[in-house]
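Enquirer: Below is a structure I'd like to ask you about.
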Amino acid sequence: MESLAASLLELVIETSTNLPPDVRAAMSLTARLETPGTQSSQALDVILQNVDMAAGDQGAICQDTGMPTFVVHTPVGVNQIHFRQAILEAVAEATRRGKLRPNSVDSITGKNSGNNLGEETPVVHFEQWEEEQIEVKLILKGGGCENKNIQYSVPCELDHLGRADRNLEGVRKCILHAVWQAQGQGCSPGALGVCIGSDRAHGYELAKRQLLRTLDDVNPDPRLAALEAGIMEEANKLGVGAMGFGGKATLIGCKICAANRLPASFFVSVAYDCWAFRRLGVRLDPATGAIVKWLYRDPSQPVEAMARNAGFPLTGREVALTAPFTEAQMRALKVGDVVLITGEIFTGRDAVHSYLMKNPPPVDLNGAALYHCGPVMLKEGGAWTVKAAGPTTSIREEPYEADVLRRYGVRAVIGKGGMGPKTLAALKECGAVYLNGIGGAAQYYARTAEKVLGVYLLELGIPEAMWHLKVKDFAAIVTMDAHGNSLHADVEGQTGERLAKAL
Ligand code: SF4
């Protein structure tokens with residue numbers, strides 16, 4: 001199989017950098033249907049540009065390249081041990097080239113392996129079949145949306161929806177609740193894979209496998225087809241909007257399967273995928289390992305540009321700010337303002353926040369913008385370059401952020417998906433704001449980084465280190481201000497009221 005290594009590497013790189021046509025079509029339609037001039041529409045414009053940038057430069061669509069999950073079908077006689085080894089080598093090579101972020105962390109020591117290999121990573125499922133070719137499907141699903149997966153054990157009580165019983169009506173309620181609870185934290189508009197039944201572990205696996213279906217297919221089971229269509233219609237009336245900003249764009253797909261269950265159990269397992277729905281596949285010649293056919297895409301067709309505009313869609317009401325910031329500047333901002341940041345910012349996410357609870361920061365954070373971001377960085381010619389750098393989900397830092405604001409004088413927290421009441425209270429007390437970037441827009445934001453000024457705490461691993469960046473016109477929306485206002489709390493409340501009407 002002399003071509004196997006090159007074929008698998010091509011599959012990994014294409015999956016990370018080139019969104020499949022069915023997702024592109026769904027996102028284009030979603031952008032067209034959104035109300036122009038809204039924050040949701042602005043976010044979709046940036047997302048479309050980001051997709052073009054990623055495909056054009058073969059850069060990662062999102063900096064979180066996820067847990068690589070392969071589903072491989074092999075004819076009898078293929079050596080699966082050798083095949084797995086080839087997959088590991090392809091994943092490590094794609095990481096070395098900056099197409100995948102080093103994402104594999106030892107769960108006991110916290111150490112990043114640096115090459116995406118480690119205990120049970122990547123995930124590889126083998127199945128045998130009676131066809132002649134080998135089929136490899138790959139899905140890259142990041143942590144932000146993975147954290148919004150949810151499993152219900154019915155009967156259960158749901159916020160705004162009441163009791164969900166052991167029938168299709170109860171399942172419908174669970175799925176709608178799953179969409180609502182995700183809000184913008186999983187980078188909406190998202191897609192759902194759902195499994196009705198099975199046991200806890202297999203139910204989640206089957207739910208994720210539903211994401212291997214194309215968004216435009218029709219479920220062969222008419223009962224499930226009707227449920228899928230109904231969920232799409234109702235979910236898109238909730239008003240979550242792109243990034244949870246409020247708007248029409250909430251869901252781009254819903255795929256449901258049913259599996260037999262134990263009489264005592266009734267699970268509804270939901271896998272939430274973000275708009276950066278990276279999934280491709282190939283058919284391989286079992287003798288040479290060469291790609292015989294691509295799945296989900298036709299490489300003979302040109303990749304069509306998606307962007308409607310160039311740059312962040314400006315309204316003329318944007319606030320240009322130079323970091324570091326003063327308290328007065330931050331108190332003057334209010335929810336809904338769009339800011340364009342120029343100057344120096346620092347990245348910091350889970351490990352940095354944990355570090356700051358026990359240690360002083362390695363830099364002066366007074367007036368600083370702290371960016372929740374785990375970038376893809378590559379050392380080229382002895383210097384670090386930013387390869388992908390969109391915001392990560394901020395709510396993970398909710399237990400720490402109020403202390404960070406109070407102790408170290410941070411004036412702006414940048415991330416996505418919003419934060420909770422503890423942070424909101426600290427923003428008000430300290431005179432600081434939360435700025436929501438466009439989740440997944442990793443290429444777009446990488447291009448705002450003019451220079452890497454330094455790196456601290458690199459021992460935490462590349463994504464977790466504190467990167468000191470010089471940015472220009474970094475666009476973000478004030479979604480939590482220093483006056484106690486939170487767009488996230490407002491949208492959650494409004495969508496909850498609409499959810500109750502779906503009863
Ligand atoms: S688009 Fe958002 S949810 Fe999806 S992988 Fe990127 S950061 Fe995570």
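Identifiers for the structure tokens are assigned positionally: chains receive A, B, ... in sequence, residues are indexed from 1 per chain, and ligands are indexed from 1 in the order shown.
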Could I get the residues of range 251-337 of chain A with an atom no further than 7 Å from an atom of range 131-138 of chain A, each paired with its nearest atom pair and that distance in Å to one decimal, using only C-alpha atoms, sorted by chain and residue number, as a Markdown table?

Expert:
```
| residue | atom | partner | partner_atom | distance |
| --- | --- | --- | --- | --- |
| A:Arg279 | CA | A:Leu138 | CA | 5.6 |
| A:Leu280 | CA | A:Leu138 | CA | 5.6 |
| A:Gly281 | CA | A:Lys137 | CA | 4.0 |
| A:Val282 | CA | A:Val136 | CA | 5.4 |
| A:Arg283 | CA | A:Glu135 | CA | 4.5 |
| A:Leu284 | CA | A:Ile134 | CA | 5.0 |
| A:Asp285 | CA | A:Gln133 | CA | 5.6 |
| A:Pro286 | CA | A:Gln133 | CA | 5.7 |
```

Enquirer: Generate a file of the selected residues that holds C-alpha atoms, formatted as a PDB file, in the first residue's frame.

Expert:
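Written file, selection.pdb:
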```pdb
ATOM      1  CA  ARG A 279     -16.350  15.669   7.895  1.00  0.00           C
ATOM      2  CA  LEU A 280     -14.963  14.012   4.779  1.00  0.00           C
ATOM      3  CA  GLY A 281     -14.203  10.516   3.543  1.00  0.00           C
ATOM      4  CA  VAL A 282     -12.406   8.505   0.891  1.00  0.00           C
ATOM      5  CA  ARG A 283     -12.591   5.134  -0.812  1.00  0.00           C
ATOM      6  CA  LEU A 284      -9.151   3.519  -1.153  1.00  0.00           C
ATOM      7  CA  ASP A 285      -7.698   0.866  -3.443  1.00  0.00           C
ATOM      8  CA  PRO A 286      -6.868  -2.014  -1.036  1.00  0.00           C
TER       9      PRO A 286
END
```

Enquirer: Can you tell me which residues sit at most 6 Å away from ligand 1, counting only C-alpha atoms and all ligand atoms, written as a list of chain:residue names?

Expert: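 Listed by chain and ascending number, the contacts are A:Cys62, A:Asp64, A:Lys141, A:Gly142, A:Gly143, A:Gly144, A:Cys145, A:Gly186, A:Cys187, A:Cys274, A:Ala276, A:Thr392, A:Gly439, A:Gly440.
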
Enquirer: Figure out the distance between CA of Glu397 in chain A and CA of Val352 in chain A, please, to one decimal in Å.

Expert: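 These atoms are spaced 9.8 Å apart.
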
Enquirer: Write out as a list in words the residues lying within 8 Å of range 51-56 of chain A, counting only C-alpha atoms and excluding same-chain residues fewer than 6 positions away.

Expert: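 Non-adjacent residues within range: Thr17, Asn18, Leu19, Ala305, Met306, Ala307, Gln443 and Tyr444 of chain A.
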
Enquirer: Which residues are close to Leu215 in chain A, i.e. within 10 Å by only C-alpha atoms, leaving aside same-chain residues fewer than 5 positions away? Reply as a list of chain:residue names.

Expert: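 The neighbour list is A:Pro21, A:Asp22, A:Val23, A:Ala25, A:Ala26, A:Ala191, A:Leu192, A:Gln210, A:Ile252, A:Gly253, A:Cys254, A:Lys255.
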
Enquirer: Take the residues from that selection and put them in a file with N, CA, C and O atoms, as a PDB file, in the first residue's frame.

Expert:
```pdb
ATOM      1  N   PRO A  21     -19.236  20.269   0.851  1.00  0.00           N
ATOM      2  CA  PRO A  21     -20.245  21.034   0.091  1.00  0.00           C
ATOM      3  C   PRO A  21     -21.615  21.093   0.759  1.00  0.00           C
ATOM      4  O   PRO A  21     -22.288  22.124   0.678  1.00  0.00           O
ATOM      5  N   ASP A  22     -22.061  20.015   1.412  1.00  0.00           N
ATOM      6  CA  ASP A  22     -23.407  20.080   2.010  1.00  0.00           C
ATOM      7  C   ASP A  22     -23.437  21.094   3.155  1.00  0.00           C
ATOM      8  O   ASP A  22     -24.434  21.810   3.333  1.00  0.00           O
ATOM      9  N   VAL A  23     -22.333  21.205   3.909  1.00  0.00           N
ATOM     10  CA  VAL A  23     -22.294  22.183   5.005  1.00  0.00           C
ATOM     11  C   VAL A  23     -22.182  23.598   4.428  1.00  0.00           C
ATOM     12  O   VAL A  23     -22.823  24.543   4.909  1.00  0.00           O
ATOM     13  N   ALA A  25     -23.411  24.579   1.602  1.00  0.00           N
ATOM     14  CA  ALA A  25     -24.738  24.957   1.081  1.00  0.00           C
ATOM     15  C   ALA A  25     -25.654  25.373   2.231  1.00  0.00           C
ATOM     16  O   ALA A  25     -26.378  26.374   2.133  1.00  0.00           O
ATOM     17  N   ALA A  26     -25.616  24.616   3.315  1.00  0.00           N
ATOM     18  CA  ALA A  26     -26.490  24.942   4.461  1.00  0.00           C
ATOM     19  C   ALA A  26     -26.102  26.285   5.065  1.00  0.00           C
ATOM     20  O   ALA A  26     -26.970  27.093   5.434  1.00  0.00           O
ATOM     21  N   ALA A 191     -25.393  21.543  14.150  1.00  0.00           N
ATOM     22  CA  ALA A 191     -26.096  20.377  13.594  1.00  0.00           C
ATOM     23  C   ALA A 191     -26.148  19.312  14.686  1.00  0.00           C
ATOM     24  O   ALA A 191     -25.222  19.200  15.485  1.00  0.00           O
ATOM     25  N   LEU A 192     -27.235  18.558  14.690  1.00  0.00           N
ATOM     26  CA  LEU A 192     -27.401  17.528  15.710  1.00  0.00           C
ATOM     27  C   LEU A 192     -27.344  16.132  15.111  1.00  0.00           C
ATOM     28  O   LEU A 192     -27.925  15.877  14.067  1.00  0.00           O
ATOM     29  N   GLN A 210     -24.438   9.717  13.383  1.00  0.00           N
ATOM     30  CA  GLN A 210     -25.454  10.368  12.548  1.00  0.00           C
ATOM     31  C   GLN A 210     -24.869  11.592  11.842  1.00  0.00           C
ATOM     32  O   GLN A 210     -25.372  12.021  10.810  1.00  0.00           O
ATOM     33  N   ILE A 252     -28.492  23.894  11.406  1.00  0.00           N
ATOM     34  CA  ILE A 252     -28.353  23.602   9.970  1.00  0.00           C
ATOM     35  C   ILE A 252     -28.641  22.137   9.670  1.00  0.00           C
ATOM     36  O   ILE A 252     -28.667  21.744   8.505  1.00  0.00           O
ATOM     37  N   GLY A 253     -28.844  21.324  10.686  1.00  0.00           N
ATOM     38  CA  GLY A 253     -29.149  19.921  10.393  1.00  0.00           C
ATOM     39  C   GLY A 253     -29.567  19.173  11.639  1.00  0.00           C
ATOM     40  O   GLY A 253     -29.182  19.532  12.758  1.00  0.00           O
ATOM     41  N   CYS A 254     -30.401  18.143  11.439  1.00  0.00           N
ATOM     42  CA  CYS A 254     -30.798  17.274  12.548  1.00  0.00           C
ATOM     43  C   CYS A 254     -30.966  15.869  11.990  1.00  0.00           C
ATOM     44  O   CYS A 254     -31.789  15.651  11.102  1.00  0.00           O
ATOM     45  N   LYS A 255     -30.151  14.943  12.455  1.00  0.00           N
ATOM     46  CA  LYS A 255     -30.144  13.570  11.932  1.00  0.00           C
ATOM     47  C   LYS A 255     -30.373  12.609  13.091  1.00  0.00           C
ATOM     48  O   LYS A 255     -29.647  12.647  14.093  1.00  0.00           O
TER      49      LYS A 255
END
```

Enquirer: Would you mind listing what lies within 10 Å of Gln183 in chain A as a list of chain:residue names, with only C-alpha atoms counted and same-chain residues fewer than 3 positions away left out?

Expert: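 Neighbouring residues, sequence-local ones excluded: A:Lys148, A:Ala178, A:Val179, A:Trp180, A:Gly186, A:Cys187, A:Ser188, A:Pro189, A:Gly190, A:Gly239, A:Val240, A:Gly241, A:Ala242, A:Met243, A:Gly244, A:Phe245, A:Gly246, A:Thr250, A:Gly417, A:Gly418, A:His488, A:Val491, A:Glu492, A:Thr495.
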
Enquirer: Quick one: of A:Pro155, A:Pro463, A:Pro20, A:Gly390, who's nearest to Gly437 in chain A, counting only C-alpha atoms?

Expert: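 Closest candidate: A:Gly390.
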
Enquirer: I need the residue nearest Asn149 in chain A from this list: A:Leu457, A:Ile175, A:Leu469, A:Ala226. Use only C-alpha atoms for the distance.

Expert: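 Closest to Asn149 in chain A of all the choices is A:Ile175.
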
Enquirer: Quick one: DSSP strand (DSSP E or B) residues in range 3-73 of chain A, as a ChimeraX atom specification?

Expert: /A:67-73

Enquirer: Deliver the residues from the most recent selection as a file, using C-alpha atoms, as a compact mmCIF listing (two decimals), in the first residue's frame.

Expert:
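New file result_23.txt:
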```txt
# COMPACT_ATOMS: atom_id res chain seq x y z
CA MET A 67 -10.76 14.79 18.42
CA PRO A 68 -9.94 13.08 15.10
CA THR A 69 -12.47 10.25 14.80
CA PHE A 70 -12.06 7.74 11.99
CA VAL A 71 -14.64 5.18 10.92
CA VAL A 72 -12.94 2.61 8.68
CA HIS A 73 -14.56 -0.20 6.71
```

Enquirer: So, counting only C-alpha atoms, which residue among A:His483, A:Leu460, A:Asp221, A:Ser269 is closest to Asp106 in chain A?

Expert: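 Checking each candidate against Asp106 in chain A, we get A:Leu460 as the closest.
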
Enquirer: So the first atom is CA of Pro324 in chain A and the second is CA of Glu344 in chain A; what is the distance between them in Å, to one decimal place?

Expert: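 Straight-line distance from CA of Pro324 in chain A to CA of Glu344 in chain A works out to 6.8 Å.
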
Enquirer: So which one's closest to Ala332 in chain A, A:Ile87, A:Ala383, A:Ala482, A:Ala264? Using only C-alpha atoms, please.

Expert: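 Going through A:Ile87, A:Ala383, A:Ala482, A:Ala264 one by one, the smallest distance to Ala332 in chain A is for A:Ala482.
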
Enquirer: Just want the 10 Å neighbourhood of Asn167 in chain A, counted on only C-alpha atoms, with same-chain residues fewer than 4 positions away dropped. Output as an mmCIF file with all heavy atoms, in the first residue's frame.

Expert:
```cif
data_model
loop_
_atom_site.group_PDB
_atom_site.id
_atom_site.type_symbol
_atom_site.label_atom_id
_atom_site.label_comp_id
_atom_site.auth_asym_id
_atom_site.auth_seq_id
_atom_site.Cartn_x
_atom_site.Cartn_y
_atom_site.Cartn_z
ATOM 1 N N VAL A 154 -35.126 9.461 29.871
ATOM 2 C CA VAL A 154 -36.547 9.786 30.025
ATOM 3 C C VAL A 154 -37.268 8.655 30.760
ATOM 4 O O VAL A 154 -36.855 7.488 30.654
ATOM 5 C CB VAL A 154 -37.222 10.059 28.641
ATOM 6 C CG1 VAL A 154 -36.813 11.399 28.125
ATOM 7 C CG2 VAL A 154 -36.898 8.981 27.633
ATOM 8 N N PRO A 155 -38.288 8.981 31.552
ATOM 9 C CA PRO A 155 -38.922 10.288 31.684
ATOM 10 C C PRO A 155 -38.062 11.249 32.493
ATOM 11 O O PRO A 155 -37.328 10.826 33.386
ATOM 12 C CB PRO A 155 -40.233 9.980 32.417
ATOM 13 C CG PRO A 155 -39.923 8.753 33.222
ATOM 14 C CD PRO A 155 -38.968 7.958 32.393
ATOM 15 N N VAL A 171 -39.183 12.539 23.071
ATOM 16 C CA VAL A 171 -37.910 12.670 22.354
ATOM 17 C C VAL A 171 -37.817 14.060 21.715
ATOM 18 O O VAL A 171 -36.782 14.736 21.793
ATOM 19 C CB VAL A 171 -37.788 11.566 21.274
ATOM 20 C CG1 VAL A 171 -36.592 11.830 20.369
ATOM 21 C CG2 VAL A 171 -37.697 10.196 21.926
ATOM 22 N N ARG A 172 -38.924 14.480 21.095
ATOM 23 C CA ARG A 172 -38.948 15.819 20.466
ATOM 24 C C ARG A 172 -38.603 16.905 21.487
ATOM 25 O O ARG A 172 -37.789 17.807 21.225
ATOM 26 C CB ARG A 172 -40.340 16.075 19.881
ATOM 27 C CG ARG A 172 -40.490 17.403 19.147
ATOM 28 C CD ARG A 172 -41.933 17.651 18.743
ATOM 29 N NE ARG A 172 -42.751 18.073 19.867
ATOM 30 C CZ ARG A 172 -42.964 19.349 20.229
ATOM 31 N NH1 ARG A 172 -42.433 20.325 19.540
ATOM 32 N NH2 ARG A 172 -43.709 19.633 21.277
ATOM 33 N N ILE A 196 -31.968 7.662 19.546
ATOM 34 C CA ILE A 196 -33.056 7.320 20.470
ATOM 35 C C ILE A 196 -32.802 5.889 20.913
ATOM 36 O O ILE A 196 -32.752 4.972 20.076
ATOM 37 C CB ILE A 196 -34.430 7.390 19.769
ATOM 38 C CG1 ILE A 196 -34.633 8.745 19.093
ATOM 39 C CG2 ILE A 196 -35.554 7.089 20.756
ATOM 40 C CD1 ILE A 196 -35.856 8.791 18.167
ATOM 41 N N PHE A 266 -34.312 4.363 28.769
ATOM 42 C CA PHE A 266 -34.736 5.075 27.555
ATOM 43 C C PHE A 266 -33.895 6.343 27.480
ATOM 44 O O PHE A 266 -34.186 7.332 28.139
ATOM 45 C CB PHE A 266 -36.228 5.414 27.607
ATOM 46 C CG PHE A 266 -36.814 5.820 26.268
ATOM 47 C CD1 PHE A 266 -37.984 5.241 25.794
ATOM 48 C CD2 PHE A 266 -36.195 6.774 25.471
ATOM 49 C CE1 PHE A 266 -38.529 5.605 24.562
ATOM 50 C CE2 PHE A 266 -36.723 7.141 24.240
ATOM 51 C CZ PHE A 266 -37.901 6.563 23.791
#
```

Enquirer: Can you work out which one of A:Ile345, A:Val12, A:Ala6, A:Ile477 has the shortest atom-to-atom distance to Thr38 in chain A, counting only C-alpha atoms?

Expert: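 Nearest to Thr38 in chain A: A:Ile477.
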
Enquirer: Pick the closest to Gly110 in chain A from A:Asp350, A:Ile47, A:Thr326, A:Ala249: which is it, counting only C-alpha atoms?

Expert: A:Asp350

Enquirer: Residues of range 295-496 of chain A classed as helix (DSSP H, G or I) by DSSP on the backbone are to be reported as an MDAnalysis selection string.

Expert: chainID A and resid 327:331 350:358 394:408 421:430 442:446 458:460 487:496
